[in-house]
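Structure data (mmCIF, C-alpha atoms and all ligand atoms) from query-v6.cif:
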```cif
data_run
#
loop_
_atom_site.label_atom_id
_atom_site.label_comp_id
_atom_site.auth_asym_id
_atom_site.auth_seq_id
_atom_site.Cartn_x
_atom_site.Cartn_y
_atom_site.Cartn_z
CA MET A 74 -3.73 -22.39 4.94
CA MET A 75 -5.40 -22.07 1.54
CA ASN A 76 -7.94 -19.30 1.36
CA ASN A 77 -9.21 -18.53 -2.14
CA ALA A 78 -11.16 -15.49 -1.01
CA ALA A 79 -8.05 -13.88 0.42
CA ALA A 80 -5.34 -11.96 -1.40
CA VAL A 81 -3.01 -12.11 1.59
CA VAL A 82 -3.02 -14.33 4.67
CA ILE A 83 -0.62 -13.39 7.46
CA GLN A 84 -0.20 -15.51 10.54
CA ASP A 85 1.75 -14.53 13.63
CA LEU A 86 4.22 -12.40 11.68
CA LYS A 87 7.21 -11.32 13.68
CA VAL A 88 9.75 -8.78 12.37
CA VAL A 89 12.80 -7.43 14.17
CA ARG A 90 14.62 -4.41 12.70
CA GLY A 91 17.84 -3.03 14.10
CA GLY A 92 17.40 -5.12 17.26
CA THR A 93 13.89 -3.77 17.91
CA VAL A 94 10.75 -5.85 17.63
CA VAL A 95 8.70 -3.94 15.07
CA LEU A 96 5.95 -6.53 14.50
CA PRO A 97 5.57 -8.76 17.56
CA GLY A 98 3.19 -11.32 16.03
CA LEU A 99 0.64 -9.92 13.61
CA SER A 100 -2.17 -11.93 12.01
CA VAL A 101 -4.50 -10.55 9.37
CA THR A 102 -6.32 -11.57 6.20
CA ILE A 103 -6.63 -9.17 3.28
CA PRO A 104 -9.58 -9.83 0.96
CA ARG A 105 -9.45 -9.91 -2.82
CA GLY A 106 -10.86 -7.17 -5.02
CA ARG A 107 -11.13 -4.56 -2.30
CA VAL A 108 -9.38 -1.33 -1.35
CA VAL A 109 -7.94 -1.96 2.10
CA GLY A 110 -6.45 0.96 4.01
CA LEU A 111 -3.52 0.45 6.36
CA LEU A 112 -3.58 3.40 8.72
CA GLY A 113 -1.52 4.32 11.70
CA PRO A 114 0.91 6.88 13.00
CA SER A 115 4.45 7.28 11.75
CA GLY A 116 6.62 4.41 12.97
CA SER A 117 3.70 2.06 13.71
CA GLY A 118 5.05 -0.56 11.31
CA LYS A 119 3.02 0.02 8.15
CA SER A 120 5.96 0.00 5.72
CA THR A 121 7.44 -3.01 7.49
CA LEU A 122 4.20 -4.94 7.04
CA LEU A 123 3.99 -3.95 3.36
CA ARG A 124 7.61 -5.01 2.83
CA ALA A 125 6.84 -8.40 4.37
CA ILE A 126 3.88 -8.86 2.01
CA VAL A 127 6.03 -8.02 -1.00
CA GLY A 128 8.70 -10.40 0.28
CA VAL A 129 11.56 -7.94 0.73
CA GLN A 130 11.53 -7.90 4.53
CA LYS A 131 13.50 -10.41 6.58
CA VAL A 132 11.04 -11.98 8.98
CA ALA A 133 11.80 -13.54 12.36
CA GLY A 134 8.72 -15.77 12.50
CA GLY A 135 5.22 -16.52 11.24
CA SER A 136 3.99 -16.79 7.66
CA VAL A 137 2.89 -14.47 4.85
CA GLU A 138 0.99 -15.99 1.95
CA VAL A 139 0.05 -13.96 -1.13
CA LEU A 140 -2.39 -15.40 -3.70
CA GLY A 141 -1.78 -18.79 -2.12
CA GLU A 142 2.02 -18.67 -2.39
CA PRO A 143 4.68 -17.68 0.12
CA ALA A 144 5.45 -13.94 -0.07
CA GLY A 145 8.38 -13.19 -2.35
CA SER A 146 7.99 -16.37 -4.44
CA ALA A 147 9.24 -16.08 -8.01
CA GLY A 148 5.74 -16.91 -9.25
CA LEU A 149 4.38 -13.77 -7.59
CA ARG A 150 6.80 -11.35 -9.20
CA ARG A 151 4.44 -10.32 -12.00
CA ARG A 152 1.30 -10.70 -9.94
CA VAL A 153 2.21 -8.25 -7.18
CA GLY A 154 2.89 -4.55 -7.73
CA TYR A 155 4.65 -2.47 -5.09
CA VAL A 156 5.03 1.28 -4.91
CA THR A 157 7.41 2.46 -2.20
CA GLN A 158 7.32 5.84 -0.49
CA ALA A 159 10.38 7.02 -2.41
CA PRO A 160 9.80 7.27 -6.18
CA SER A 161 11.59 4.30 -7.71
CA VAL A 162 11.90 5.23 -11.36
CA TYR A 163 14.76 6.52 -13.52
CA ALA A 164 15.23 10.29 -13.21
CA ASP A 165 17.02 10.56 -16.57
CA LEU A 166 14.27 8.79 -18.53
CA SER A 167 10.96 10.30 -19.58
CA VAL A 168 7.62 9.24 -18.11
CA HIS A 169 6.93 7.17 -21.22
CA GLU A 170 10.39 5.60 -21.27
CA ASN A 171 10.03 4.58 -17.63
CA ALA A 172 6.61 3.04 -18.16
CA ALA A 173 7.83 1.26 -21.29
CA TYR A 174 10.93 -0.02 -19.48
CA PHE A 175 9.00 -1.41 -16.51
CA GLY A 176 6.32 -2.70 -18.87
CA GLY A 177 8.99 -4.52 -20.85
CA LEU A 178 10.14 -6.33 -17.71
CA VAL A 179 6.70 -7.88 -17.29
CA GLY A 180 5.83 -8.37 -20.95
CA ALA A 181 3.33 -5.51 -21.15
CA GLY A 182 2.53 -4.09 -24.59
CA ALA A 183 2.36 -0.52 -25.91
CA GLN A 184 -1.33 -0.21 -25.06
CA ALA A 185 -0.66 -1.09 -21.42
CA VAL A 186 2.05 1.57 -21.29
CA GLU A 187 -0.35 4.23 -22.60
CA SER A 188 -3.11 3.11 -20.22
CA ALA A 189 -0.83 3.22 -17.18
CA ILE A 190 0.31 6.76 -18.02
CA ALA A 191 -3.28 7.87 -18.60
CA ALA A 192 -4.43 6.23 -15.36
CA VAL A 193 -2.11 8.44 -13.32
CA ASP A 194 -3.03 11.48 -15.42
CA LEU A 195 0.45 12.13 -16.79
CA GLY A 196 -0.44 11.98 -20.48
CA SER A 197 0.61 15.56 -21.07
CA TYR A 198 3.98 14.90 -19.40
CA ALA A 199 4.72 11.61 -21.17
CA ASP A 200 7.84 12.93 -22.90
CA ARG A 201 9.20 14.87 -19.95
CA ARG A 202 12.17 13.50 -18.04
CA VAL A 203 11.32 12.48 -14.49
CA GLU A 204 14.01 14.77 -13.02
CA LYS A 205 12.01 17.71 -14.36
CA LEU A 206 8.79 16.70 -12.61
CA SER A 207 7.39 17.70 -9.23
CA GLY A 208 7.52 15.30 -6.26
CA GLY A 209 3.86 14.37 -6.63
CA GLN A 210 4.28 13.79 -10.36
CA ARG A 211 7.30 11.56 -9.71
CA SER A 212 5.38 9.42 -7.29
CA ARG A 213 2.68 9.03 -9.92
CA VAL A 214 5.31 7.81 -12.41
CA SER A 215 6.20 5.12 -9.84
CA LEU A 216 2.55 4.19 -9.66
CA ALA A 217 2.34 3.98 -13.46
CA ALA A 218 5.40 1.71 -13.43
CA ALA A 219 3.59 -0.62 -11.02
CA LEU A 220 0.27 -0.47 -12.91
CA VAL A 221 1.72 -1.26 -16.31
CA GLY A 222 1.96 -4.99 -15.58
CA ASP A 223 -1.69 -5.06 -14.40
CA PRO A 224 -0.83 -6.78 -11.08
CA GLU A 225 -3.48 -8.77 -9.21
CA VAL A 226 -2.28 -7.37 -5.89
CA LEU A 227 -1.16 -3.76 -5.56
CA ILE A 228 0.74 -2.67 -2.47
CA LEU A 229 0.98 1.11 -2.15
CA ASP A 230 3.02 2.80 0.56
CA GLU A 231 1.60 6.28 1.19
CA PRO A 232 0.79 6.96 -2.47
CA THR A 233 -1.07 10.19 -1.79
CA VAL A 234 1.62 12.01 0.23
CA GLY A 235 2.37 15.41 -1.24
CA LEU A 236 -0.59 15.39 -3.61
CA ASP A 237 -3.18 18.12 -3.75
CA PRO A 238 -6.81 17.30 -2.89
CA VAL A 239 -7.88 16.92 -6.52
CA LEU A 240 -5.12 14.44 -7.32
CA ARG A 241 -5.76 12.56 -4.09
CA ARG A 242 -9.42 12.22 -5.00
CA ASP A 243 -8.51 11.10 -8.53
CA LEU A 244 -6.10 8.49 -7.21
CA TRP A 245 -8.65 7.07 -4.79
CA GLU A 246 -11.12 6.86 -7.68
CA LEU A 247 -8.48 4.99 -9.67
CA PHE A 248 -7.94 2.57 -6.76
CA HIS A 249 -11.67 1.84 -6.71
CA ARG A 250 -11.80 1.30 -10.47
CA LEU A 251 -8.93 -1.18 -10.14
CA ALA A 252 -10.71 -2.98 -7.30
CA GLU A 253 -13.90 -3.20 -9.39
CA ARG A 254 -11.84 -5.01 -12.03
CA GLY A 255 -10.66 -7.48 -9.37
CA THR A 256 -7.36 -5.98 -8.22
CA SER A 257 -6.67 -6.31 -4.49
CA LEU A 258 -5.22 -3.10 -3.09
CA LEU A 259 -3.52 -2.42 0.21
CA VAL A 260 -2.89 1.30 0.64
CA SER A 261 -1.02 2.77 3.60
CA SER A 262 -1.58 6.27 4.86
CA HIS A 263 -1.11 8.23 8.03
CA VAL A 264 -3.84 10.66 6.99
CA MET A 265 -6.82 9.40 8.91
CA ASP A 266 -9.42 11.08 6.70
CA GLU A 267 -8.38 8.73 3.90
CA ALA A 268 -9.88 5.94 6.01
CA THR A 269 -13.33 6.82 4.75
CA ARG A 270 -12.27 6.06 1.18
CA CYS A 271 -11.49 2.40 1.87
CA HIS A 272 -13.70 -0.69 1.80
CA ARG A 273 -11.84 -2.10 4.78
CA LEU A 274 -9.50 -0.62 7.33
CA LEU A 275 -6.56 -1.93 9.26
CA LEU A 276 -5.54 0.39 12.07
CA MET A 277 -2.04 -0.12 13.38
CA ARG A 278 -0.18 1.14 16.38
CA ASP A 279 3.17 -0.01 17.76
CA GLY A 280 3.26 -3.01 15.42
CA THR A 281 -0.12 -4.37 16.44
CA LEU A 282 -3.55 -4.15 14.86
CA LEU A 283 -5.90 -1.95 16.84
CA ALA A 284 -8.77 -2.73 14.47
CA ASP A 285 -9.68 -4.67 11.34
CA THR A 286 -12.94 -3.08 10.37
CA THR A 287 -14.92 -0.98 7.89
CA PRO A 288 -15.18 2.84 7.96
CA GLU A 289 -18.83 2.57 9.00
CA ASP A 290 -18.19 0.08 11.80
CA LEU A 291 -15.21 2.09 13.02
CA LEU A 292 -17.35 5.18 13.58
CA ARG A 293 -20.28 3.20 14.95
CA SER A 294 -18.23 1.15 17.42
CA THR A 295 -16.35 4.18 18.74
CA GLY A 296 -19.34 6.54 18.73
CA THR A 297 -17.36 9.13 16.79
CA THR A 298 -17.99 11.12 13.64
CA ASP A 299 -14.54 11.23 12.08
CA ALA A 300 -11.64 8.84 11.68
CA ASP A 301 -9.19 10.88 13.76
CA ALA A 302 -11.50 10.81 16.77
CA ALA A 303 -12.18 7.11 16.20
CA PHE A 304 -8.48 6.31 16.22
CA LEU A 305 -7.97 8.21 19.47
CA ALA A 306 -10.95 6.42 21.01
CA LEU A 307 -9.42 3.07 20.05
CA ILE A 308 -6.09 4.05 21.60
CA ASP A 309 -7.84 5.05 24.82
CA ALA A 310 -9.76 1.78 24.83
CA ALA A 311 -6.53 -0.13 24.30
CA GLY A 312 -4.98 1.37 27.42
CA GLY A 313 -4.19 5.01 26.97
CA SER A 314 -1.50 6.88 25.13
CA ARG A 315 1.53 4.90 26.39
N1 LIG B 401 16.10 -0.03 8.57
C1 LIG B 401 15.65 -0.02 9.82
N2 LIG B 401 16.41 -0.42 10.86
C2 LIG B 401 15.95 -0.41 12.10
N3 LIG B 401 14.70 -0.01 12.44
C3 LIG B 401 13.91 0.40 11.47
C4 LIG B 401 14.32 0.43 10.10
N4 LIG B 401 13.30 0.88 9.35
C5 LIG B 401 12.30 1.14 10.21
N5 LIG B 401 12.66 0.86 11.47
C6 LIG B 401 11.82 1.01 12.68
O1 LIG B 401 10.71 0.16 12.54
C7 LIG B 401 9.53 0.79 13.07
C8 LIG B 401 8.43 0.75 12.04
O2 LIG B 401 8.84 1.51 10.90
P1 LIG B 401 7.94 1.58 9.59
O3 LIG B 401 8.72 2.30 8.55
O4 LIG B 401 7.44 0.23 9.27
O5 LIG B 401 6.73 2.48 10.11
P2 LIG B 401 5.60 3.25 9.30
O6 LIG B 401 4.34 3.04 10.04
O7 LIG B 401 5.64 2.83 7.88
O8 LIG B 401 6.05 4.76 9.44
P3 LIG B 401 5.92 5.99 8.38
O9 LIG B 401 4.46 6.32 8.32
O10 LIG B 401 6.71 7.07 9.07
O11 LIG B 401 6.51 5.54 7.11
C9 LIG B 401 9.94 2.19 13.49
O12 LIG B 401 10.10 2.20 14.89
C10 LIG B 401 11.25 2.41 12.78
O13 LIG B 401 12.08 3.23 13.56
#
```

Could you write out this structure as structure tokens?
Ligand SMILES: Nc1ncnc2c1ncn2[C@@H]1O[C@H](COP(=O)(O)OP(=O)(O)OP(=O)(O)O)[C@@H](O)[C@H]1O
Amino acid sequence: MMNNAAAVVIQDLKVVRGGTVVLPGLSVTIPRGRVVGLLGPSGSGKSTLLRAIVGVQKVAGGSVEVLGEPAGSAGLRRRVGYVTQAPSVYADLSVHENAAYFGGLVGAGAQAVESAIAAVDLGSYADRRVEKLSGGQRSRVSLAAALVGDPEVLILDEPTVGLDPVLRRDLWELFHRLAERGTSLLVSSHVMDEATRCHRLLLMRDGTLLADTTPEDLLRSTGTTDADAAFLALIDAAGGSR
């Protein structure tokens, strides 16, 4: 199905990992130019869904289309950025060398390298080797490596884990600036209070979508005042706590 307004269209996606059905048949559409949060408890299938969108997850059924092409297509390689939970940059290279290396792979110039480093606020660490950085700084180098190619779709797996409140706020502001420029972002988190920072929310549990909503509608429909309480209300409505 062609849908020009959508960044990602997923239909009846089924994924089995290690003999267990992780996604039993998930359908969702992710809009362009928005910050979409993917929230749910640990083990609910968030990373698996993100992997399927990037095209690195073996799928047992259904379809995943990104920017009108099947997920993982060669044509999407430069158009989709992916930041995994584990920092995926070279420990023995500096921040700048990493950004320049990953930029080189996608044809990005020197200006793009500088901008990506500045965007994640690592300008003053540009010449420091990654192995000498903190965990939060390392994950920001990974983000810079994904940003340097200016991808149209940015898939971020728990990018704010281990960051202090100021850095978390700064990163969410960066995500919104990127969305204003047209980037489509899908950001996973298991911290429910991050829900309020998203334009749209996907709430997952046990491989299924409990809700595809907005922060405002989530609170309104559940009659709650914070995202944690809203999530619990949805679980109760869906049939209790297992
Ligand atoms: N390599 C694997 N082999 C078998 N099962 C796996 C594998 N990786 C994940 N799983 C299982 O798939 C399910 C979903 O895992 P996934 O990593 O997608 O969840 P998640 O919501 O991203 O969790 P977290 O927030 O802890 O990262 C879990 O039950 C997990 O045990």

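Using all atoms listed in the file for every distance, the candidate list A:Asp165, A:Asp194, A:Glu187, A:Asp279 yields A:Asp279 as the residue closest to ligand LIG 401 (chain B).
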
(request) Do a neighbour search on Gly106 of chain A at 7 Å with all atoms listed in the file, toss out local chain neighbours closer than 2 positions, and write the hits as number ranges by chain. (result) A: 104, 252-253, 255-257

Dump of C-alpha atoms for the selected residues, as a short mmCIF file (atom, residue, chain, number, x, y, z; two decimals), in the frame of the given file:
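File written: out.cif
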```cif
data_model
loop_
_atom_site.label_atom_id
_atom_site.label_comp_id
_atom_site.auth_asym_id
_atom_site.auth_seq_id
_atom_site.Cartn_x
_atom_site.Cartn_y
_atom_site.Cartn_z
CA PRO A 104 -9.58 -9.83 0.96
CA ALA A 252 -10.71 -2.98 -7.30
CA GLU A 253 -13.90 -3.20 -9.39
CA GLY A 255 -10.66 -7.48 -9.37
CA THR A 256 -7.36 -5.98 -8.22
CA SER A 257 -6.67 -6.31 -4.49
#
```

Axis-aligned box for ligand LIG 401 (chain B), 6 Å per side, centre and edges in Å as AutoDock Vina command-line options:
```
--center_x 10.4 --center_y 3.3 --center_z 11.0 --size_x 24.1 --size_y 19.5 --size_z 19.8
```

- Task: In the coordinate frame of the file, compute which residues have an atom within 10 Å of (-9.2, 14.0, 7.9) when using only C-alpha atoms, and state them as number ranges by chain.
- Result: A: 263-269, 299-302

- Message: Counting only C-alpha atoms and all ligand atoms, what are the residues, protein, DNA or RNA alike, that approach ligand LIG 401 (chain B) to within 7 Å? I want them as a count of residues only.
- Response: 16

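The space between atom CA of Gly148 of chain A and atom CA of Val226 of chain A spans 12.9 Å.
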
Next item on the list: Around the point (0.0, -3.3, 16.9) in the file's coordinates, collect all residues with an atom within 9 Å, using all atoms listed in the file, and return them as a count of residues only.
Entry: 15

Neighbour list for Pro232 of chain A as a PyMOL selection string, cut-off 10 Å, all atoms listed in the file, skip fewer than 2 positions in-chain: chain A and resi 156-160+209+212-213+215-216+228-230+234-236+241+244-245+260-262

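Nearest residue to Leu123 of chain A among A:Arg152, A:Leu86, A:Ala310, A:Leu292 is A:Leu86, counting only C-alpha atoms.
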
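Here atom CA of Glu170 of chain A and atom CA of Gly196 of chain A stand 12.6 Å from one another.
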
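Nearest residue to His272 of chain A, choosing from A:Ser161, A:Arg293, A:Ala192, A:Phe248 and counting all atoms listed in the file: A:Phe248.
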
Computed gap from atom CA of Arg201 of chain A to atom CA of Val239 of chain A is 21.8 Å

Need to verify the contact set: Ile83 of chain A, 6 Å, only C-alpha atoms, exclusion of same-chain residues closer than 5 positions in sequence. Can you return it as a ChimeraX atom specification? /A:100-101,136-137

Nearest to Asp285 of chain A, restricted to all atoms listed in the file and choosing among A:Gly110, A:Gly92, A:Gly134, A:Gly176, comes out as A:Gly110

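Candidate residues A:Glu204, A:Asp85, A:Asp309, A:Asp237 were compared for distance to Leu166 of chain A, and the nearest is A:Glu204, using all atoms listed in the file.
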
With N, CA and C atoms as the target, complete segment 228-255 of chain A and hand it back as a short mmCIF file (atom, residue, chain, number, x, y, z; two decimals), in the frame of the given file.
```cif
data_model
loop_
_atom_site.label_atom_id
_atom_site.label_comp_id
_atom_site.auth_asym_id
_atom_site.auth_seq_id
_atom_site.Cartn_x
_atom_site.Cartn_y
_atom_site.Cartn_z
N ILE A 228 0.34 -3.11 -3.81
CA ILE A 228 0.74 -2.67 -2.47
C ILE A 228 1.29 -1.25 -2.61
N LEU A 229 0.63 -0.30 -1.96
CA LEU A 229 0.98 1.11 -2.15
C LEU A 229 1.33 1.75 -0.81
N ASP A 230 2.56 2.21 -0.70
CA ASP A 230 3.02 2.80 0.56
C ASP A 230 2.88 4.32 0.48
N GLU A 231 1.89 4.84 1.14
CA GLU A 231 1.60 6.28 1.19
C GLU A 231 1.59 6.94 -0.19
N PRO A 232 0.76 6.44 -1.10
CA PRO A 232 0.79 6.96 -2.47
C PRO A 232 0.26 8.38 -2.62
N THR A 233 -0.45 8.88 -1.61
CA THR A 233 -1.07 10.19 -1.79
C THR A 233 -0.31 11.31 -1.08
N VAL A 234 0.84 10.97 -0.46
CA VAL A 234 1.62 12.01 0.23
C VAL A 234 2.07 13.07 -0.77
N GLY A 235 1.89 14.31 -0.40
CA GLY A 235 2.37 15.41 -1.24
C GLY A 235 1.47 15.74 -2.41
N LEU A 236 0.31 15.09 -2.49
CA LEU A 236 -0.59 15.39 -3.61
C LEU A 236 -1.67 16.36 -3.16
N ASP A 237 -2.12 17.18 -4.09
CA ASP A 237 -3.18 18.12 -3.75
C ASP A 237 -4.52 17.37 -3.68
N PRO A 238 -5.54 18.00 -3.11
CA PRO A 238 -6.81 17.30 -2.89
C PRO A 238 -7.43 16.72 -4.16
N VAL A 239 -7.27 17.42 -5.28
CA VAL A 239 -7.88 16.92 -6.52
C VAL A 239 -7.19 15.63 -6.96
N LEU A 240 -5.86 15.64 -6.92
CA LEU A 240 -5.12 14.44 -7.32
C LEU A 240 -5.37 13.29 -6.36
N ARG A 241 -5.47 13.61 -5.08
CA ARG A 241 -5.76 12.56 -4.09
C ARG A 241 -7.10 11.92 -4.39
N ARG A 242 -8.09 12.75 -4.67
CA ARG A 242 -9.42 12.22 -5.00
C ARG A 242 -9.34 11.35 -6.26
N ASP A 243 -8.62 11.85 -7.27
CA ASP A 243 -8.51 11.10 -8.53
C ASP A 243 -7.84 9.75 -8.30
N LEU A 244 -6.79 9.75 -7.46
CA LEU A 244 -6.10 8.49 -7.21
C LEU A 244 -6.98 7.49 -6.49
N TRP A 245 -7.74 7.98 -5.49
CA TRP A 245 -8.65 7.07 -4.79
C TRP A 245 -9.71 6.52 -5.75
N GLU A 246 -10.15 7.35 -6.68
CA GLU A 246 -11.12 6.86 -7.68
C GLU A 246 -10.47 5.78 -8.55
N LEU A 247 -9.20 6.01 -8.90
CA LEU A 247 -8.48 4.99 -9.67
C LEU A 247 -8.38 3.69 -8.87
N PHE A 248 -8.06 3.79 -7.58
CA PHE A 248 -7.94 2.57 -6.76
C PHE A 248 -9.26 1.80 -6.78
N HIS A 249 -10.36 2.52 -6.71
CA HIS A 249 -11.67 1.84 -6.71
C HIS A 249 -11.97 1.22 -8.07
N ARG A 250 -11.57 1.90 -9.13
CA ARG A 250 -11.80 1.30 -10.47
C ARG A 250 -10.99 0.01 -10.59
N LEU A 251 -9.77 0.02 -10.08
CA LEU A 251 -8.93 -1.18 -10.14
C LEU A 251 -9.56 -2.31 -9.32
N ALA A 252 -10.08 -1.96 -8.15
CA ALA A 252 -10.71 -2.98 -7.30
C ALA A 252 -11.95 -3.57 -7.98
N GLU A 253 -12.70 -2.71 -8.68
CA GLU A 253 -13.90 -3.20 -9.39
C GLU A 253 -13.51 -4.21 -10.45
N ARG A 254 -12.32 -4.06 -11.02
CA ARG A 254 -11.84 -5.01 -12.03
C ARG A 254 -11.18 -6.24 -11.39
N GLY A 255 -11.16 -6.28 -10.05
CA GLY A 255 -10.66 -7.48 -9.37
C GLY A 255 -9.31 -7.33 -8.70
#
```
